[in-house]
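S.K.: Dropping in coords28.cif, which is mmCIF, C-alpha atoms:
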data_protein
#
loop_
_atom_site.group_PDB
_atom_site.id
_atom_site.type_symbol
_atom_site.label_atom_id
_atom_site.label_comp_id
_atom_site.auth_asym_id
_atom_site.auth_seq_id
_atom_site.Cartn_x
_atom_site.Cartn_y
_atom_site.Cartn_z
ATOM 1 C CA LEU X 1 12.166 -4.975 -21.566
ATOM 2 C CA ARG X 2 14.700 -2.662 -19.859
ATOM 3 C CA THR X 3 12.102 -0.604 -18.022
ATOM 4 C CA ASN X 4 14.341 0.366 -15.088
ATOM 5 C CA TRP X 5 17.161 1.526 -17.353
ATOM 6 C CA LEU X 6 14.769 3.411 -19.638
ATOM 7 C CA TRP X 7 13.118 5.100 -16.644
ATOM 8 C CA GLU X 8 16.484 6.330 -15.357
ATOM 9 C CA LYS X 9 17.419 7.531 -18.841
ATOM 10 C CA MET X 10 14.197 9.531 -19.167
ATOM 11 C CA PHE X 11 14.579 10.984 -15.692
ATOM 12 C CA SER X 12 18.227 11.958 -16.169
ATOM 13 C CA VAL X 13 17.426 13.763 -19.424
ATOM 14 C CA CYS X 14 14.486 15.640 -17.886
ATOM 15 C CA ILE X 15 16.026 16.500 -14.515
ATOM 16 C CA GLY X 16 17.721 19.602 -15.897
ATOM 17 C CA GLN X 17 14.354 21.022 -16.994
ATOM 18 C CA ALA X 18 11.842 19.774 -14.431
ATOM 19 C CA ARG X 19 11.248 16.749 -12.274
ATOM 20 C CA ASP X 20 7.652 17.044 -11.072
ATOM 21 C CA GLY X 21 4.272 17.644 -12.589
ATOM 22 C CA VAL X 22 3.998 17.455 -16.367
ATOM 23 C CA THR X 23 7.459 15.902 -16.738
ATOM 24 C CA SER X 24 6.692 13.131 -14.281
ATOM 25 C CA SER X 25 3.311 12.533 -15.910
ATOM 26 C CA ALA X 26 4.963 12.201 -19.320
ATOM 27 C CA ILE X 27 7.440 9.662 -17.940
ATOM 28 C CA SER X 28 4.495 7.870 -16.302
ATOM 29 C CA LEU X 29 2.676 7.431 -19.589
ATOM 30 C CA ILE X 30 5.740 6.174 -21.445
ATOM 31 C CA ASP X 31 6.738 3.832 -18.630
ATOM 32 C CA THR X 32 3.214 2.438 -18.385
ATOM 33 C CA ALA X 33 3.146 1.824 -22.145
ATOM 34 C CA LEU X 34 6.491 0.018 -21.881
ATOM 35 C CA TRP X 35 5.134 -2.286 -19.179
ATOM 36 C CA ASP X 36 2.138 -3.054 -21.383
ATOM 37 C CA LEU X 37 4.481 -3.858 -24.276
ATOM 38 C CA LYS X 38 6.688 -5.973 -22.021
ATOM 39 C CA GLY X 39 3.657 -8.009 -20.977
ATOM 40 C CA ARG X 40 2.641 -8.503 -24.591
ATOM 41 C CA VAL X 41 6.163 -9.572 -25.606
ATOM 42 C CA LEU X 42 6.322 -12.100 -22.772
ATOM 43 C CA GLY X 43 2.685 -13.166 -23.068
ATOM 44 C CA GLN X 44 1.938 -12.255 -19.442
ATOM 45 C CA PRO X 45 -0.359 -9.799 -17.630
ATOM 46 C CA VAL X 46 1.559 -6.996 -15.929
ATOM 47 C CA TYR X 47 0.604 -8.222 -12.458
ATOM 48 C CA ASN X 48 2.561 -11.420 -13.135
ATOM 49 C CA LEU X 49 5.617 -9.332 -13.995
ATOM 50 C CA LEU X 50 5.214 -7.633 -10.584
ATOM 51 C CA GLY X 51 5.203 -10.925 -8.693
ATOM 52 C CA GLY X 52 1.771 -12.344 -9.456
ATOM 53 C CA LYS X 53 -1.658 -12.082 -7.894
ATOM 54 C CA THR X 54 -1.937 -11.850 -4.126
ATOM 55 C CA ARG X 55 -5.686 -12.548 -4.373
ATOM 56 C CA ASP X 56 -8.204 -13.562 -7.021
ATOM 57 C CA LYS X 57 -10.158 -10.317 -6.990
ATOM 58 C CA ILE X 58 -9.792 -6.749 -5.728
ATOM 59 C CA ARG X 59 -12.143 -5.035 -3.322
ATOM 60 C CA VAL X 60 -13.015 -1.595 -4.688
ATOM 61 C CA TYR X 61 -14.751 1.437 -3.263
ATOM 62 C CA ALA X 62 -17.251 3.540 -5.204
ATOM 63 C CA SER X 63 -15.626 6.945 -5.648
ATOM 64 C CA GLU X 64 -18.184 9.581 -6.639
ATOM 65 C CA LEU X 65 -20.750 11.316 -4.420
ATOM 66 C CA TYR X 66 -19.963 14.875 -5.454
ATOM 67 C CA VAL X 67 -22.168 17.553 -3.935
ATOM 68 C CA SER X 68 -24.770 19.335 -6.043
ATOM 69 C CA ALA X 69 -26.483 22.464 -4.759
ATOM 70 C CA THR X 70 -30.135 23.407 -4.723
ATOM 71 C CA ASP X 71 -31.386 26.769 -5.992
ATOM 72 C CA ARG X 72 -30.805 28.167 -2.503
ATOM 73 C CA GLY X 73 -27.186 27.062 -2.466
ATOM 74 C CA ASP X 74 -27.778 24.255 0.031
ATOM 75 C CA PRO X 75 -26.448 20.750 -0.680
ATOM 76 C CA ASP X 76 -28.936 18.539 -2.499
ATOM 77 C CA LEU X 77 -29.102 15.854 0.165
ATOM 78 C CA GLU X 78 -31.859 13.898 -1.529
ATOM 79 C CA LEU X 79 -29.793 13.490 -4.693
ATOM 80 C CA LEU X 80 -26.812 12.451 -2.584
ATOM 81 C CA ARG X 81 -28.886 9.842 -0.755
ATOM 82 C CA GLU X 82 -30.212 8.436 -4.028
ATOM 83 C CA GLU X 83 -26.694 8.006 -5.393
ATOM 84 C CA ALA X 84 -25.408 6.450 -2.170
ATOM 85 C CA GLN X 85 -28.307 3.994 -2.157
ATOM 86 C CA GLN X 86 -27.405 2.930 -5.703
ATOM 87 C CA TYR X 87 -23.947 1.884 -4.531
ATOM 88 C CA VAL X 88 -25.439 -0.036 -1.617
ATOM 89 C CA ASP X 89 -27.786 -1.815 -4.011
ATOM 90 C CA GLN X 90 -24.857 -2.628 -6.328
ATOM 91 C CA GLY X 91 -23.037 -4.384 -3.495
ATOM 92 C CA PHE X 92 -20.207 -1.956 -2.731
ATOM 93 C CA THR X 93 -18.859 -2.291 0.804
ATOM 94 C CA ALA X 94 -17.130 1.119 0.788
ATOM 95 C CA VAL X 95 -17.866 4.552 -0.679
ATOM 96 C CA LYS X 96 -15.993 7.849 -0.846
ATOM 97 C CA GLN X 97 -17.634 11.254 -1.000
ATOM 98 C CA ARG X 98 -16.451 14.845 -1.416
ATOM 99 C CA PHE X 99 -17.046 17.878 0.725
ATOM 100 C CA GLY X 100 -18.878 20.628 -1.142
ATOM 101 C CA PHE X 101 -17.815 23.682 0.855
ATOM 102 C CA GLY X 102 -14.596 25.244 2.111
ATOM 103 C CA PRO X 103 -13.114 27.998 4.278
ATOM 104 C CA TRP X 104 -14.618 30.689 2.036
ATOM 105 C CA ASP X 105 -18.094 29.486 3.096
ATOM 106 C CA GLY X 106 -17.457 30.124 6.786
ATOM 107 C CA VAL X 107 -19.106 28.281 9.659
ATOM 108 C CA VAL X 108 -22.276 27.798 7.617
ATOM 109 C CA GLY X 109 -20.262 25.878 5.026
ATOM 110 C CA MET X 110 -18.801 23.656 7.729
ATOM 111 C CA ARG X 111 -22.298 22.749 8.891
ATOM 112 C CA LYS X 112 -23.296 21.982 5.307
ATOM 113 C CA ASN X 113 -20.261 19.727 4.961
ATOM 114 C CA ARG X 114 -21.323 17.888 8.079
ATOM 115 C CA SER X 115 -24.811 17.436 6.678
ATOM 116 C CA VAL X 116 -23.568 15.739 3.484
ATOM 117 C CA VAL X 117 -21.465 13.271 5.495
ATOM 118 C CA GLU X 118 -24.404 12.568 7.791
ATOM 119 C CA ALA X 119 -26.736 12.022 4.823
ATOM 120 C CA VAL X 120 -24.455 9.394 3.296
ATOM 121 C CA ARG X 121 -23.902 7.611 6.618
ATOM 122 C CA GLU X 122 -27.632 7.463 7.309
ATOM 123 C CA THR X 123 -28.187 5.996 3.841
ATOM 124 C CA ILE X 124 -25.447 3.358 3.752
ATOM 125 C CA GLY X 125 -25.740 2.272 7.381
ATOM 126 C CA ASP X 126 -22.994 1.233 9.770
ATOM 127 C CA GLU X 127 -21.767 -1.869 7.896
ATOM 128 C CA ILE X 128 -20.334 -0.011 4.874
ATOM 129 C CA GLU X 129 -17.078 1.924 5.005
ATOM 130 C CA GLN X 130 -17.298 5.651 4.375
ATOM 131 C CA MET X 131 -14.431 7.961 3.410
ATOM 132 C CA VAL X 132 -14.344 11.694 2.720
ATOM 133 C CA ASP X 133 -12.136 13.669 0.321
ATOM 134 C CA CYS X 134 -11.214 17.255 1.172
ATOM 135 C CA CYS X 135 -9.790 17.682 -2.364
ATOM 136 C CA ARG X 136 -6.728 19.634 -1.072
ATOM 137 C CA SER X 137 -9.017 22.598 -0.337
ATOM 138 C CA PHE X 138 -8.325 23.409 3.316
ATOM 139 C CA ASP X 139 -5.597 24.802 5.501
ATOM 140 C CA ALA X 140 -4.570 22.734 8.512
ATOM 141 C CA ASP X 141 -6.617 24.597 11.119
ATOM 142 C CA TYR X 142 -9.805 24.460 9.048
ATOM 143 C CA ALA X 143 -9.190 20.766 8.240
ATOM 144 C CA ILE X 144 -8.888 19.948 11.947
ATOM 145 C CA ARG X 145 -12.083 21.828 12.820
ATOM 146 C CA MET X 146 -13.909 20.098 9.968
ATOM 147 C CA MET X 147 -12.622 16.689 11.021
ATOM 148 C CA ARG X 148 -13.953 17.157 14.536
ATOM 149 C CA LEU X 149 -17.402 17.936 13.143
ATOM 150 C CA VAL X 150 -17.585 14.611 11.266
ATOM 151 C CA GLU X 151 -15.629 12.227 13.506
ATOM 152 C CA GLU X 152 -18.838 10.770 14.955
ATOM 153 C CA PHE X 153 -19.595 9.143 11.577
ATOM 154 C CA ASP X 154 -16.770 6.582 11.865
ATOM 155 C CA LEU X 155 -14.905 7.542 8.685
ATOM 156 C CA SER X 156 -12.236 5.160 7.391
ATOM 157 C CA TRP X 157 -10.007 7.975 6.193
ATOM 158 C CA TYR X 158 -9.800 11.740 5.701
ATOM 159 C CA GLU X 159 -8.238 12.423 2.300
ATOM 160 C CA GLU X 160 -6.065 15.324 1.084
ATOM 161 C CA PRO X 161 -6.935 17.809 3.847
ATOM 162 C CA VAL X 162 -4.370 20.420 2.730
ATOM 163 C CA LEU X 163 -2.431 21.498 -0.361
ATOM 164 C CA PRO X 164 0.054 18.918 -1.719
ATOM 165 C CA HIS X 165 3.128 20.985 -0.822
ATOM 166 C CA ASP X 166 1.943 21.671 2.725
ATOM 167 C CA TRP X 167 3.795 18.782 4.361
ATOM 168 C CA SER X 168 3.863 20.478 7.764
ATOM 169 C CA GLY X 169 0.088 20.962 7.417
ATOM 170 C CA TYR X 170 -0.339 17.236 6.815
ATOM 171 C CA VAL X 171 1.663 16.522 9.955
ATOM 172 C CA LYS X 172 -0.396 18.993 11.999
ATOM 173 C CA VAL X 173 -3.677 17.456 10.818
ATOM 174 C CA ARG X 174 -2.451 13.918 11.413
ATOM 175 C CA GLU X 175 -1.262 14.714 14.931
ATOM 176 C CA ALA X 176 -4.736 16.054 15.759
ATOM 177 C CA ALA X 177 -6.601 13.353 13.833
ATOM 178 C CA SER X 178 -9.194 10.994 15.243
ATOM 179 C CA MET X 179 -9.141 8.941 12.015
ATOM 180 C CA PRO X 180 -6.534 7.902 9.405
ATOM 181 C CA VAL X 181 -5.265 10.654 7.105
ATOM 182 C CA SER X 182 -4.544 9.821 3.450
ATOM 183 C CA GLY X 183 -3.012 11.599 0.471
ATOM 184 C CA GLY X 184 -0.289 11.612 -2.132
ATOM 185 C CA GLU X 185 -2.067 11.700 -5.479
ATOM 186 C CA ASN X 186 -0.208 14.900 -6.333
ATOM 187 C CA GLU X 187 3.254 13.672 -5.367
ATOM 188 C CA TYR X 188 5.527 12.727 -8.225
ATOM 189 C CA SER X 189 8.419 10.585 -7.004
ATOM 190 C CA LYS X 190 9.769 8.115 -4.458
ATOM 191 C CA ASN X 191 11.835 11.004 -3.073
ATOM 192 C CA ALA X 192 8.657 12.878 -2.153
ATOM 193 C CA PHE X 193 7.255 9.851 -0.350
ATOM 194 C CA ALA X 194 10.576 9.387 1.442
ATOM 195 C CA LYS X 195 9.926 12.866 2.862
ATOM 196 C CA TRP X 196 6.384 11.829 3.775
ATOM 197 C CA LEU X 197 7.859 8.867 5.623
ATOM 198 C CA THR X 198 10.394 10.958 7.528
ATOM 199 C CA MET X 199 7.863 13.635 8.494
ATOM 200 C CA GLY X 200 4.937 11.280 9.144
ATOM 201 C CA CYS X 201 2.520 13.033 6.793
ATOM 202 C CA ALA X 202 -0.156 10.358 6.374
ATOM 203 C CA ASP X 203 -1.375 6.933 7.436
ATOM 204 C CA ILE X 204 -2.334 5.871 3.899
ATOM 205 C CA TRP X 205 -0.349 6.706 0.768
ATOM 206 C CA GLN X 206 -2.175 7.277 -2.533
ATOM 207 C CA PRO X 207 0.318 7.607 -5.410
ATOM 208 C CA ASP X 208 -1.060 7.435 -8.945
ATOM 209 C CA VAL X 209 0.682 5.329 -11.588
ATOM 210 C CA ASP X 210 -0.467 7.861 -14.209
ATOM 211 C CA ARG X 211 1.341 10.753 -12.454
ATOM 212 C CA CYS X 212 4.056 9.393 -10.209
ATOM 213 C CA GLY X 213 6.561 7.952 -12.679
ATOM 214 C CA GLY X 214 4.580 4.949 -13.846
ATOM 215 C CA ILE X 215 4.735 1.328 -12.721
ATOM 216 C CA THR X 216 8.516 1.460 -12.262
ATOM 217 C CA GLU X 217 8.504 4.321 -9.741
ATOM 218 C CA VAL X 218 5.290 3.451 -7.917
ATOM 219 C CA GLN X 219 6.479 -0.104 -7.248
ATOM 220 C CA LYS X 220 9.469 1.399 -5.412
ATOM 221 C CA ILE X 221 7.079 3.584 -3.388
ATOM 222 C CA VAL X 222 4.971 0.545 -2.526
ATOM 223 C CA ASN X 223 8.066 -1.324 -1.382
ATOM 224 C CA MET X 224 9.049 1.614 0.847
ATOM 225 C CA ALA X 225 5.554 1.714 2.332
ATOM 226 C CA GLU X 226 5.439 -2.028 2.952
ATOM 227 C CA ALA X 227 8.777 -1.926 4.772
ATOM 228 C CA ASN X 228 7.229 0.656 7.128
ATOM 229 C CA ASP X 229 3.776 -0.912 7.586
ATOM 230 C CA ILE X 230 2.000 1.807 5.594
ATOM 231 C CA LYS X 231 -1.011 0.949 3.443
ATOM 232 C CA VAL X 232 -1.040 2.043 -0.202
ATOM 233 C CA ILE X 233 -4.373 2.637 -1.954
ATOM 234 C CA PRO X 234 -3.536 4.246 -5.316
ATOM 235 C CA HIS X 235 -5.402 7.285 -6.516
ATOM 236 C CA GLY X 236 -7.544 6.717 -9.587
ATOM 237 C CA GLY X 237 -9.605 3.833 -10.902
ATOM 238 C CA TRP X 238 -7.230 3.085 -13.763
ATOM 239 C CA VAL X 239 -6.298 -0.438 -14.875
ATOM 240 C CA PRO X 240 -2.512 0.057 -14.292
ATOM 241 C CA ASN X 241 -3.318 0.921 -10.671
ATOM 242 C CA PHE X 242 -5.408 -2.261 -10.415
ATOM 243 C CA HIS X 243 -2.408 -4.362 -11.505
ATOM 244 C CA MET X 244 -0.301 -2.672 -8.852
ATOM 245 C CA VAL X 245 -2.915 -3.391 -6.174
ATOM 246 C CA ILE X 246 -3.457 -7.052 -6.978
ATOM 247 C CA ALA X 247 0.302 -7.760 -6.991
ATOM 248 C CA ASN X 248 1.051 -6.176 -3.588
ATOM 249 C CA MET X 249 -0.077 -7.262 -0.132
ATOM 250 C CA THR X 250 0.209 -3.724 1.250
ATOM 251 C CA CYS X 251 -2.531 -2.527 -1.150
ATOM 252 C CA PRO X 252 -5.824 -3.652 0.448
ATOM 253 C CA MET X 253 -8.274 -2.101 -2.025
ATOM 254 C CA ALA X 254 -8.603 0.154 -5.049
ATOM 255 C CA GLU X 255 -10.486 3.249 -6.104
ATOM 256 C CA TYR X 256 -13.247 2.654 -8.638
ATOM 257 C CA PHE X 257 -15.329 5.130 -10.608
ATOM 258 C CA PRO X 258 -18.756 3.581 -11.280
ATOM 259 C CA PRO X 259 -19.383 3.847 -15.032
ATOM 260 C CA HIS X 260 -21.932 6.360 -16.214
ATOM 261 C CA GLN X 261 -24.627 5.438 -18.659
ATOM 262 C CA ARG X 262 -22.636 5.125 -21.833
ATOM 263 C CA GLY X 263 -21.785 2.166 -24.031
ATOM 264 C CA ASP X 264 -18.636 0.810 -25.647
ATOM 265 C CA ASP X 265 -19.248 3.113 -28.596
ATOM 266 C CA MET X 266 -17.858 5.956 -26.415
ATOM 267 C CA GLU X 267 -14.957 4.131 -24.721
ATOM 268 C CA VAL X 268 -11.423 4.726 -26.010
ATOM 269 C CA LEU X 269 -10.128 1.634 -24.188
ATOM 270 C CA LEU X 270 -11.923 -1.706 -24.231
ATOM 271 C CA GLY X 271 -11.455 -4.438 -21.647
ATOM 272 C CA LYS X 272 -11.799 -2.442 -18.424
ATOM 273 C CA PRO X 273 -13.032 -4.571 -15.523
ATOM 274 C CA THR X 274 -16.509 -3.913 -14.147
ATOM 275 C CA ALA X 275 -17.269 -4.164 -10.443
ATOM 276 C CA VAL X 276 -19.603 -6.919 -9.289
ATOM 277 C CA ASP X 277 -20.732 -6.799 -5.655
ATOM 278 C CA GLY X 278 -17.898 -4.414 -4.826
ATOM 279 C CA TYR X 279 -15.084 -6.465 -6.395
ATOM 280 C CA ILE X 280 -13.303 -6.558 -9.748
ATOM 281 C CA LYS X 281 -11.407 -9.353 -11.482
ATOM 282 C CA LEU X 282 -8.508 -8.666 -13.843
ATOM 283 C CA SER X 283 -8.030 -10.270 -17.211
ATOM 284 C CA ASP X 284 -5.186 -12.764 -17.725
ATOM 285 C CA SER X 285 -4.540 -11.247 -21.172
ATOM 286 C CA PRO X 286 -0.997 -9.998 -21.839
ATOM 287 C CA GLY X 287 -0.057 -6.498 -20.714
ATOM 288 C CA PHE X 288 -2.907 -4.612 -19.090
ATOM 289 C CA GLY X 289 -5.523 -6.550 -21.050
ATOM 290 C CA LEU X 290 -6.788 -3.438 -22.834
ATOM 291 C CA GLU X 291 -7.367 -2.745 -26.509
ATOM 292 C CA LEU X 292 -7.870 0.525 -28.348
ATOM 293 C CA ASN X 293 -11.322 1.188 -29.743
ATOM 294 C CA GLU X 294 -10.339 2.228 -33.255
ATOM 295 C CA ASP X 295 -13.843 3.423 -34.115
ATOM 296 C CA VAL X 296 -13.766 5.939 -31.261
ATOM 297 C CA LEU X 297 -10.207 7.024 -32.087
ATOM 298 C CA LYS X 298 -11.285 7.906 -35.615
ATOM 299 C CA ARG X 299 -13.617 10.551 -34.195
ATOM 300 C CA TYR X 300 -10.649 12.364 -32.644
ATOM 301 C CA ARG X 301 -8.145 11.877 -35.429
ATOM 302 C CA TRP X 302 -7.328 14.822 -37.639
ATOM 303 C CA GLU X 303 -5.881 14.167 -41.047
ATOM 304 C CA GLY X 304 -4.536 17.248 -42.792
#
Would you encode the structure as structure tokens?

M.R.:
Amino acid sequence: LRTNWLWEKMFSVCIGQARDGVTSSAISLIDTALWDLKGRVLGQPVYNLLGGKTRDKIRVYASELYVSATDRGDPDLELLREEAQQYVDQGFTAVKQRFGFGPWDGVVGMRKNRSVVEAVRETIGDEIEQMVDCCRSFDADYAIRMMRLVEEFDLSWYEEPVLPHDWSGYVKVREAASMPVSGGENEYSKNAFAKWLTMGCADIWQPDVDRCGGITEVQKIVNMAEANDIKVIPHGGWVPNFHMVIANMTCPMAEYFPPHQRGDDMEVLLGKPTAVDGYIKLSDSPGFGLELNEDVLKRYRWEG
């Protein structure tokens, strides 16, 4: 039950070796497991331990729409339109896509990037939110040029335009931006987001419970953001992130990866919520409401 104390103990032991990256991810996994155990001991879902639900269901955005190429190396716009239409038909009110080309593809690549954004907008119409992820692939100047090519499509945010450590690049892009800038999935502590706050790196913060120190650390980041009127939309469609979102007013929606065609016989964790008309509901079962699929685990277990 002493999650704060245990977090500080883990961090203090690890600080002499490393603080970010793998170390932070390891602390994240242990901390998240402890919150699940705490919920089970107390007979409560984790969101109740964080203050309770702020709404009955969470709005989620469909996060896929990766770019495939044709034999000629052009983006497969027809395939992209088909996928986007599926999300419209399933009732999602927001979708996020990825660019398929970068600085190494020159001006031609920029035009191809514009075409994939245009294809999705034409398919989903003007009533559905559209976001684009740069996947930390650009430098600031390229990101600004690319943003100007797609600003006519009324994007809700422009995600990870530069490398995670390029804080000055984030600031440069944001100062030139015609739309909100988001990022933070590759930051690993409240200290990093304190720097984001001071420098003004982004309009929307996207920490990930699985990377950024777990529930304990991310809740502190959310509190910092709320005190400064910054929205938090966690990276990753994981159930721990969903509990964080539903318990905090400053988290308006969540990322969601539409499931591919596979049944429970392939899922390691059972009990994940499924989106209906662009919303998910969380279980009131203790902890995160998940159970291990022992049959699947047996396939990966080695007994010497």

S.K.: Figure out the distance between atom CA of Val218 of chain X and atom CA of Val95 of chain X, please, to one decimal in Å.

M.R.: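 If I compute the distance from atom CA of Val95 of chain X to atom CA of Val218 of chain X, I get 24.3 Å.
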
S.K.: Would you kindly translate the PyMOL selection byres ((chain X and resi 32) around 10) into the concrete residues it picks from this file, as a list in words?

M.R.: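 Taken over the shown coordinates, the PyMOL selection byres ((chain X and resi 32) around 10) returns Thr3, Ala26, Ile27, Ser28, Leu29, Ile30, Asp31, Ala33, Leu34, Trp35, Asp36, Leu37, Lys38, Val46, Val209, Asp210, Gly213, Gly214, Ile215, Thr216, Pro240, Gly287 and Phe288 of chain X.
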
S.K.: So, with all atoms listed in the file as the atoms that count, which of X:Gln86, X:Ser178, X:Gln206, X:Gln130 lies closest to Pro252 of chain X?

M.R.: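 Of X:Gln86, X:Ser178, X:Gln206, X:Gln130, the one nearest Pro252 of chain X, counting all atoms listed in the file, is X:Gln206.
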
S.K.: Run the PyMOL selection byres ((chain X and resi 269-284) around 9) on the file and write out the hits as a PyMOL selection string.

M.R.: chain X and resi 44-45+56-62+87+89-94+238-239+242-243+246+256+258-259+264+267-268+285-293

S.K.: Report as a compact mmCIF listing (two decimals) with C-alpha atoms, in the frame of the given file the residues that result from applying the PyMOL selection byres ((chain X and resi 226) around 12) to the structure here.

M.R.:
# COMPACT_ATOMS: atom_id res chain seq x y z
CA LEU X 197 7.86 8.87 5.62
CA ILE X 204 -2.33 5.87 3.90
CA TRP X 205 -0.35 6.71 0.77
CA GLN X 219 6.48 -0.10 -7.25
CA LYS X 220 9.47 1.40 -5.41
CA ILE X 221 7.08 3.58 -3.39
CA VAL X 222 4.97 0.55 -2.53
CA ASN X 223 8.07 -1.32 -1.38
CA MET X 224 9.05 1.61 0.85
CA ALA X 225 5.55 1.71 2.33
CA ALA X 227 8.78 -1.93 4.77
CA ASN X 228 7.23 0.66 7.13
CA ASP X 229 3.78 -0.91 7.59
CA ILE X 230 2.00 1.81 5.59
CA LYS X 231 -1.01 0.95 3.44
CA VAL X 232 -1.04 2.04 -0.20
CA ILE X 233 -4.37 2.64 -1.95
CA ASN X 248 1.05 -6.18 -3.59
CA MET X 249 -0.08 -7.26 -0.13
CA THR X 250 0.21 -3.72 1.25
CA CYS X 251 -2.53 -2.53 -1.15
CA PRO X 252 -5.82 -3.65 0.45

S.K.: Could you check how far atom CA of Val245 of chain X sits from atom CA of Tyr188 of chain X, in Å to one decimal?

M.R.: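 Atom CA of Tyr188 of chain X lies 18.3 Å from atom CA of Val245 of chain X.
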
S.K.: For a test of reading the model, state the distance in Å between atom CA of Phe193 of chain X and atom CA of Ala143 of chain X, rounded to one decimal.

M.R.: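 Answer for the atom CA of Phe193 of chain X to atom CA of Ala143 of chain X separation: 21.5 Å.
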
S.K.: Write out as a count of residues only each polymer residue whose atoms come within 7 Å of segment 123-125 of chain X, counting all atoms listed in the file; drop sequence neighbours fewer than 3 positions from it.

M.R.: 7

S.K.: Find the residues near Val171 of chain X: any atom within 6 Å, counting all atoms listed in the file, skip ones fewer than 3 places away on the same chain, and give them as number ranges by chain.

M.R.: X: 168, 174, 201

S.K.: So that all listed atoms of segment 174-182 of chain X fit with 3 Å spare on each side, what axis-aligned box centre and edge lengths in Å, to one decimal, would you give as lines of an AutoDock Vina configuration file?

M.R.:
center_x = -5.2
center_y = 12.0
center_z = 9.6
size_x = 13.9
size_y = 14.2
size_z = 18.3

S.K.: If you count only C-alpha atoms, which residues fall within 12 Å of segment 135-137 of chain X, apart from same-chain ones fewer than 5 positions away, as number ranges by chain?

M.R.: X: 66, 96-105, 142-143, 146, 158-167, 169-170, 182-186

S.K.: Nearest residue to Leu49 of chain X out of X:Ala140, X:Lys112, X:Glu82, X:Leu1, using only C-alpha atoms?

M.R.: X:Leu1
